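*Asks:* Just passing along the structure, written as structure tokens.
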Amino acid sequence: MRISVDWLKSLLPVPDDAATLADRLTMAGLEVDALESAAPGFTGVIVARIESCEPHPDADRLRVCRVRGGNGAIQVVCGAANARSGLRAALALPGAMLPDNREIRISSVRGVESNGMLCSARELGLGDDASGLLELTEDAVPGQDLREYLGLDDQLIEVDLTPNRGDCLGMLGVAREVSALTGVDLHFPMPAAVPPVIEAGVHIRLEAPAACPRYVGRVIRGVDTSAATPMWMQERLRRAGIRSLGPVVDVTNYVMLELGQPMHAFDRDCIDGGIVVRLARPGESLELLNGDTVDLTPETLVIADHRRPVALAGIMGGEGSAVTGSTRDILLESAFFAPAAVAGRARGYGLHTDSSHRFERGVDPALQVVAAERATALILEIAGGEPGSVVEAVEATNLPSPRRVRLRASRIRHLLGMAIPQETVEGVLGRLGLGVQGGPDEWQVEVPAYRFDITIEADLIEELARVHGYDRIPERHPATPVTVAPQPEARVSLSRIRQYLVARGFHEVVNYAFVDRRSQELLDPDWTPVPLANPLSVELAVMRTSLLPGLLGSLRRNQNRQQERLRLFETGLRFRGTLDDLEQDPVLAGVIAGSAEPEQWGVARRTVDFFDLKGVVEGLADLRGAGPALQYTAQPHPALHPGQSARIDDGERACGWLGALHPRVERELDLQGPVFVFEMALGAVQTGEVPRYAGLSRFPSIRRDLALVVDDGVPEAQIRTAIRRSAGEILQKIVLFDVYRGKGVAEGARSLGIGLILQDFSRTLTDGECDDAVARVVADLERDFGARLRG
């Protein structure tokens with residue numbers, strides 16, 4: 001929203017300069033993006049009237065003009081196509097300095113003396129139009145300084161409004177806000193009703209009253225659409241960033257800027273019958289004012305006549321009913337469209353208009369008749385015409401209504417840490433347009449319907465805080481006891497897990513909790529994801545049931561940017577179940593791809609494999625302390641490679657998966673393999689044991705090595721468990737030092753070289769005791785797994 005300080009001061013006589021006003025607005029929550037002049041600097045430019053315009057004797061496209069600027073007439077050579085006798089234009093006199101630092105001098109143009117320059121809008125920095133001279137209206141007095149005539153020494157404050165402050169998208173709303181900030185009362189006279197002089201109306205039918213509960217129309221006949229828009233109005237539109245398009249369109253835009261109520265004007269002769277506000281029907285399309293033709297969707301609200309749609313409601317009018325130079329009878333539209341009916345619709349058609357911007361945030365539902373009367377008065381003043389009656393169709397039950405909110409002085413003190421005087425409370429809220437009754441301990445505040453952002457007592461206190469001044473709220477430290485939250489010693493912190501993974505060469509990523517449905521189905525087909533009602537995009541359409549879709553998306557983006565060695569991890573929530581019974585579980589996931597080690601001369605290049613990632617997971621498990629280890633059970637997973645996938649178990653409970661990504665999934669996701677992934681419950685890594693002291697034995701240890709032949713299908717972890725059970729307390733450590741397949745070992749089997757470290761803490765073990773322990777181990781392994789000693 002671009003605010004003209006001069007326009008604001010015409011509504012509210014505040015003494016503050018532009019910089020002070022900008023600071024007040026920013027401190028009140030209306031963030032100021034820019035403070036700039038209404039026009040660039042130039043000097044020596046006056047209003048002039050062209051008295052005669054003759055062809056140049058030596059150039060077809062030039063004209064020799066006799067121009068009067070107040071103190072006599074001078075000769076100026078001009079090449080503008082719209083130069084003509086009687087035109088009032090901007091004249092830069094000799095010695096004038098233009099915005100591009102060009103100084104105007106007396107010169108000879110093709111042998112004809114020129115004593116100045118007639119200027120276009122672009123040459124003066126007042127617009128982009130360089131096709132002709134800047135045309136001034138008849139009230140411009142020749143000889144008057146152009147900056148004074150147009151009021152160009154104005155300042156513009158550009159405010160970046162948050163979506164909840166749609167009430168400040170008009171000068172009236174801004175003036176109301178500044179009134180509260182400065183304490184200057186706002187006296188804005190509401191437009192008087194313009195009486196009808198002809199019997200001309202329009203039939204209006206609301207077929208979608210929830211989306212449009214109020215629609216106001218008025219017919220004006222005999223409008224002169226060729227009339228010139230006054231310069232004061234053109235300038236206010238220009239400073240707001242809106243181009244002048246003729247008197248009727250200019251008036252509707254002006255009323256929108258002044259009151260915050262978007263309006264539209266139809267050519268009445270192009271409306272077949274009356275107005276119907278309805279949803280679009282299948283197969284309908286509409287050519288818009290910007291020349292685009294759009295296919296209408298069934299949820300789009302349209303303004304239609306009795307034959308076809310003529311406008312996108314609250315967004316843009318149609319080309320077929322637009323006001324043109326030949327229009328004589330117009331139909332003014334002033335309506336209230338519910339924000340939910342307009343929100344997102346313009347974006348769906350690739351549009352964003354001043355109207356949609358305001359309707360999406362909410363306009364005053366009581367302002368439509370007022371705006372129609374204001375627009376009528378301006379059109380009659382500028383372009384003439386004969387107005388008919390104001391016709392209003394309303395469904396009151398669907399209109400937002402004022403709300404009554406209780407405000408307590410005790411609650412103000414509690415939330416702000418200070419008391420605000422009664423007169424300040426009532427003055428601030430009253431100047432903001434709120435009705436206040438009661439006091440001094442409690443008030444009943446009537447909140448007008450246009451303040452959609454005020455619904456509860458805390459909202460009113462926020463208004464008091466920002467207007468009274470956040471910087472005036474005293475700093476108070478709460479008198480609360482200092483307590484230290486207990487930290488379980490056995491718990492492995494998330495920061496420690498992150499530090500471990502970073503030390504192993506991983507990078508942490510943070511992805512959206514929303515993922516692509518296709519990727520989700522590929523990687524976790526056993527769970528049906530919860531779809532989003534209004535997704536940001538197709539790629540973010542469902543809630544993730546696994547962290548792997550986001551992680552692999554990050555992997556693909558990095559691979560596409562020539563990153564070859566990648567190790568990524570992420571922690572976060574996954575969402576499983578239905579919306580009514582949603583489980584939100586914290587999980588940890590990781591992915592590796594590329595070479596096992598950074599490129600160097602001392603180690604040969606090797607691609608990562610299953611055991612590289614398994615080692616990382618085992619390292620995570622070691623963070624838990626000396627408790628039971630995680631178990632890995634070979635088991636297929638639909639997204640993992642057959643024979644290279646394992647379920648991770650924490651005791652009797654499955655807690656995750658580890659393995660190589662299936663080649664089919666790699667191709668579907670456009671990944672450069674092989675890729676290895678793991679995902680596990682975060683609690684399985686964070687739940688550990690408190691370290692306990694264990695002394696070193698003073699007695700020697702004995703090592704016995706075994707070469708056991710077992711089937712390939714027997715997991716090494718199960719063999720370790722069986723050995724610990726059979727050997728008893730004297731077994732201190734198991735070392736797997738060799739795995740052999742080949743000559744002397746049957747196909748489908750492998751030889752495991754296992755070292756047993758035996759030791760007691762109270763005495764020296766004898767050979768007999770060690771032999772007995774080894775014999776028990778061999779016997780139990782043979783019984784349970786068919787293992788035998790290799791000869």
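In the structure tokens, chains take the letters A, B, ... in the order shown, each chain's residues start at 1, and ligands count up from 1 in the order shown.
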Which neighbours of Leu91 in chain A fall inside 9 Å, counting only C-alpha atoms, when residues of the same chain fewer than 2 positions from it are skipped, and could you give them as a VMD selection string?

*Replies:* chain A and resid 44 to 49 67 69 89 93 116 to 119 146

*Asks:* Next, the residues of the selection above should be written as a CSV table (one decimal), in the first residue's frame with all heavy atoms.

*Replies:*
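Everything below was put into selection25.csv:
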chain,number,residue,atom,x,y,z
A,44,GLY,N,12.4,24.4,-13.1
A,44,GLY,CA,12.2,25.3,-14.3
A,44,GLY,C,11.2,24.7,-15.3
A,44,GLY,O,11.2,25.1,-16.5
A,45,VAL,N,10.2,23.9,-14.8
A,45,VAL,CA,9.2,23.4,-15.7
A,45,VAL,C,7.9,24.0,-15.2
A,45,VAL,O,7.5,24.0,-14.1
A,45,VAL,CB,9.1,21.9,-15.6
A,45,VAL,CG1,8.0,21.3,-16.5
A,45,VAL,CG2,10.4,21.2,-15.9
A,46,ILE,N,7.1,24.6,-16.2
A,46,ILE,CA,5.9,25.3,-15.9
A,46,ILE,C,4.8,24.8,-16.8
A,46,ILE,O,5.0,24.0,-17.7
A,46,ILE,CB,6.1,26.8,-16.2
A,46,ILE,CG1,6.3,27.1,-17.7
A,46,ILE,CG2,7.2,27.4,-15.3
A,46,ILE,CD1,6.3,28.5,-18.1
A,47,VAL,N,3.6,25.2,-16.4
A,47,VAL,CA,2.4,24.9,-17.2
A,47,VAL,C,2.4,25.9,-18.4
A,47,VAL,O,2.6,27.1,-18.3
A,47,VAL,CB,1.1,25.1,-16.4
A,47,VAL,CG1,-0.1,24.9,-17.3
A,47,VAL,CG2,1.1,24.1,-15.2
A,48,ALA,N,2.1,25.3,-19.6
A,48,ALA,CA,2.1,26.2,-20.8
A,48,ALA,C,0.9,25.8,-21.7
A,48,ALA,O,0.4,24.6,-21.6
A,48,ALA,CB,3.4,26.0,-21.6
A,49,ARG,N,0.5,26.7,-22.5
A,49,ARG,CA,-0.6,26.5,-23.4
A,49,ARG,C,-0.1,26.7,-24.9
A,49,ARG,O,0.5,27.7,-25.2
A,49,ARG,CB,-1.8,27.4,-23.2
A,49,ARG,CG,-3.0,27.2,-24.1
A,49,ARG,CD,-4.2,28.1,-23.7
A,49,ARG,NE,-5.3,27.9,-24.5
A,49,ARG,CZ,-5.6,28.4,-25.7
A,49,ARG,NH1,-4.6,29.1,-26.3
A,49,ARG,NH2,-6.7,28.1,-26.4
A,67,VAL,N,4.0,28.8,-27.9
A,67,VAL,CA,3.6,28.4,-26.6
A,67,VAL,C,3.6,29.6,-25.7
A,67,VAL,O,4.6,30.4,-25.6
A,67,VAL,CB,4.6,27.3,-26.1
A,67,VAL,CG1,4.2,26.8,-24.7
A,67,VAL,CG2,4.7,26.1,-27.0
A,69,GLY,N,3.5,30.7,-21.8
A,69,GLY,CA,3.7,30.2,-20.4
A,69,GLY,C,3.5,31.3,-19.4
A,69,GLY,O,4.0,31.2,-18.3
A,89,ALA,N,0.3,21.8,-21.6
A,89,ALA,CA,1.3,20.8,-21.4
A,89,ALA,C,2.4,21.4,-20.5
A,89,ALA,O,2.4,22.5,-20.1
A,89,ALA,CB,1.9,20.4,-22.8
A,93,LEU,N,11.7,25.4,-19.5
A,93,LEU,CA,12.2,26.7,-20.0
A,93,LEU,C,13.8,26.6,-20.1
A,93,LEU,O,14.4,25.7,-19.5
A,93,LEU,CB,11.9,27.8,-19.1
A,93,LEU,CG,10.4,28.2,-19.0
A,93,LEU,CD1,10.1,29.2,-17.9
A,93,LEU,CD2,9.9,28.7,-20.3
A,116,GLY,N,13.0,26.1,-25.6
A,116,GLY,CA,12.6,25.3,-24.5
A,116,GLY,C,12.2,23.9,-25.0
A,116,GLY,O,12.5,23.5,-26.1
A,117,MET,N,11.6,23.1,-24.1
A,117,MET,CA,11.2,21.7,-24.5
A,117,MET,C,9.8,21.4,-23.9
A,117,MET,O,9.6,21.6,-22.7
A,117,MET,CB,12.2,20.7,-24.1
A,117,MET,CG,11.9,19.3,-24.6
A,117,MET,SD,13.2,18.1,-24.1
A,117,MET,CE,12.7,17.7,-22.4
A,118,LEU,N,8.9,21.0,-24.7
A,118,LEU,CA,7.6,20.4,-24.2
A,118,LEU,C,7.9,19.0,-23.8
A,118,LEU,O,8.5,18.2,-24.6
A,118,LEU,CB,6.5,20.6,-25.3
A,118,LEU,CG,6.1,22.0,-25.6
A,118,LEU,CD1,5.3,22.0,-26.9
A,118,LEU,CD2,5.3,22.6,-24.5
A,119,CYS,N,7.4,18.6,-22.6
A,119,CYS,CA,7.9,17.3,-22.0
A,119,CYS,C,6.8,16.3,-22.0
A,119,CYS,O,5.6,16.5,-21.8
A,119,CYS,CB,8.4,17.6,-20.6
A,119,CYS,SG,9.7,18.8,-20.5
A,146,LEU,N,5.0,23.7,-12.5
A,146,LEU,CA,4.4,22.4,-12.6
A,146,LEU,C,4.4,21.7,-11.3
A,146,LEU,O,3.4,21.0,-10.9
A,146,LEU,CB,5.1,21.6,-13.7
A,146,LEU,CG,4.4,20.2,-14.0
A,146,LEU,CD1,3.1,20.5,-14.7
A,146,LEU,CD2,5.3,19.4,-14.8

*Asks:* Could you list, as a VMD selection string, every residue within 10 Å of Asp609 in chain A, counting only C-alpha atoms and ignoring same-chain residues fewer than 4 positions away?

*Replies:* chain A and resid 592 to 596 613 to 614 644 659 to 660 674 to 676

*Asks:* For Leu124 in chain A, list every protein, DNA or RNA residue within 8 Å, evaluated using only C-alpha atoms, and leave out those in the same chain fewer than 6 positions away; present the list as a PyMOL selection string.

*Replies:* chain A and resi 40+42+98-99

*Asks:* If you count only C-alpha atoms, which residues fall within 8 Å of Ser120 in chain A, apart from same-chain ones fewer than 6 positions away, as a PyMOL selection string?

*Replies:* chain A and resi 90+129-134

*Asks:* With a distance cut-off of 10 Å and only C-alpha atoms, select the neighbouring residues of Asp670 in chain A, excluding the residue or stretch itself and same-chain residues fewer than 2 positions from it, and output the selection as an MDAnalysis selection string.

*Replies:* chainID A and resid 552:553 556 559:560 664:668 672:673

*Asks:* May I ask which of the residues A:Gly170, A:Gly651, A:Gly791, A:Pro309 is the closest one to Ser355 in chain A, counting only C-alpha atoms?

*Replies:* A:Gly170

*Asks:* Near Pro636 in chain A, within 9 Å and counting only C-alpha atoms, which residues show up once chain neighbours fewer than 5 positions away are dropped, as a PyMOL selection string?

*Replies:* chain A and resi 641-647

*Asks:* Mind dumping the selected residues with all heavy atoms as a PDB file, in the first residue's frame?

*Replies:*
ATOM      1  N   HIS A 641      16.938 -53.519  -1.705  1.00  0.00           N
ATOM      2  CA  HIS A 641      17.481 -54.540  -2.596  1.00  0.00           C
ATOM      3  C   HIS A 641      17.363 -55.916  -1.944  1.00  0.00           C
ATOM      4  O   HIS A 641      17.745 -56.102  -0.789  1.00  0.00           O
ATOM      5  CB  HIS A 641      18.952 -54.225  -2.870  1.00  0.00           C
ATOM      6  CG  HIS A 641      19.526 -54.967  -4.028  1.00  0.00           C
ATOM      7  ND1 HIS A 641      19.608 -56.336  -4.070  1.00  0.00           N
ATOM      8  CD2 HIS A 641      20.050 -54.519  -5.204  1.00  0.00           C
ATOM      9  CE1 HIS A 641      20.157 -56.705  -5.202  1.00  0.00           C
ATOM     10  NE2 HIS A 641      20.434 -55.614  -5.920  1.00  0.00           N
ATOM     11  N   PRO A 642      16.847 -56.923  -2.672  1.00  0.00           N
ATOM     12  CA  PRO A 642      16.775 -58.275  -2.113  1.00  0.00           C
ATOM     13  C   PRO A 642      18.175 -58.766  -1.749  1.00  0.00           C
ATOM     14  O   PRO A 642      19.117 -58.655  -2.530  1.00  0.00           O
ATOM     15  CB  PRO A 642      16.174 -59.100  -3.252  1.00  0.00           C
ATOM     16  CG  PRO A 642      15.500 -58.113  -4.141  1.00  0.00           C
ATOM     17  CD  PRO A 642      16.280 -56.842  -4.023  1.00  0.00           C
ATOM     18  N   GLY A 643      18.310 -59.310  -0.544  1.00  0.00           N
ATOM     19  CA  GLY A 643      19.598 -59.799  -0.099  1.00  0.00           C
ATOM     20  C   GLY A 643      20.480 -58.744   0.525  1.00  0.00           C
ATOM     21  O   GLY A 643      21.535 -59.062   1.074  1.00  0.00           O
ATOM     22  N   GLN A 644      20.078 -57.465   0.452  1.00  0.00           N
ATOM     23  CA  GLN A 644      20.863 -56.397   1.076  1.00  0.00           C
ATOM     24  C   GLN A 644      19.956 -55.506   1.916  1.00  0.00           C
ATOM     25  O   GLN A 644      20.050 -54.279   1.882  1.00  0.00           O
ATOM     26  CB  GLN A 644      21.589 -55.554   0.025  1.00  0.00           C
ATOM     27  CG  GLN A 644      22.656 -56.296  -0.754  1.00  0.00           C
ATOM     28  CD  GLN A 644      23.512 -55.353  -1.568  1.00  0.00           C
ATOM     29  OE1 GLN A 644      24.118 -54.430  -1.039  1.00  0.00           O
ATOM     30  NE2 GLN A 644      23.576 -55.595  -2.866  1.00  0.00           N
ATOM     31  N   SER A 645      19.063 -56.137   2.650  1.00  0.00           N
ATOM     32  CA  SER A 645      18.172 -55.394   3.531  1.00  0.00           C
ATOM     33  C   SER A 645      18.082 -56.119   4.858  1.00  0.00           C
ATOM     34  O   SER A 645      18.131 -57.352   4.915  1.00  0.00           O
ATOM     35  CB  SER A 645      16.774 -55.246   2.915  1.00  0.00           C
ATOM     36  OG  SER A 645      16.151 -56.505   2.778  1.00  0.00           O
ATOM     37  N   ALA A 646      17.951 -55.369   5.924  1.00  0.00           N
ATOM     38  CA  ALA A 646      17.878 -55.958   7.259  1.00  0.00           C
ATOM     39  C   ALA A 646      16.939 -55.138   8.120  1.00  0.00           C
ATOM     40  O   ALA A 646      16.909 -53.896   8.045  1.00  0.00           O
ATOM     41  CB  ALA A 646      19.270 -56.004   7.902  1.00  0.00           C
ATOM     42  N   ARG A 647      16.162 -55.872   8.914  1.00  0.00           N
ATOM     43  CA  ARG A 647      15.331 -55.219   9.926  1.00  0.00           C
ATOM     44  C   ARG A 647      16.176 -54.992  11.168  1.00  0.00           C
ATOM     45  O   ARG A 647      16.931 -55.866  11.594  1.00  0.00           O
ATOM     46  CB  ARG A 647      14.132 -56.093  10.260  1.00  0.00           C
ATOM     47  CG  ARG A 647      13.092 -55.390  11.139  1.00  0.00           C
ATOM     48  CD  ARG A 647      11.968 -56.306  11.569  1.00  0.00           C
ATOM     49  NE  ARG A 647      12.459 -57.309  12.518  1.00  0.00           N
ATOM     50  CZ  ARG A 647      12.314 -58.621  12.369  1.00  0.00           C
ATOM     51  NH1 ARG A 647      11.732 -59.111  11.287  1.00  0.00           N
ATOM     52  NH2 ARG A 647      12.783 -59.456  13.283  1.00  0.00           N
TER      53      ARG A 647
END

*Asks:* Taking only range 115-275 of chain A into account, list the residues labelled helix (DSSP H, G or I) by DSSP (computed from the backbone), as a PyMOL selection string.

*Replies:* chain A and resi 146-150+166-168+171-182+231-239+247-259+268-270
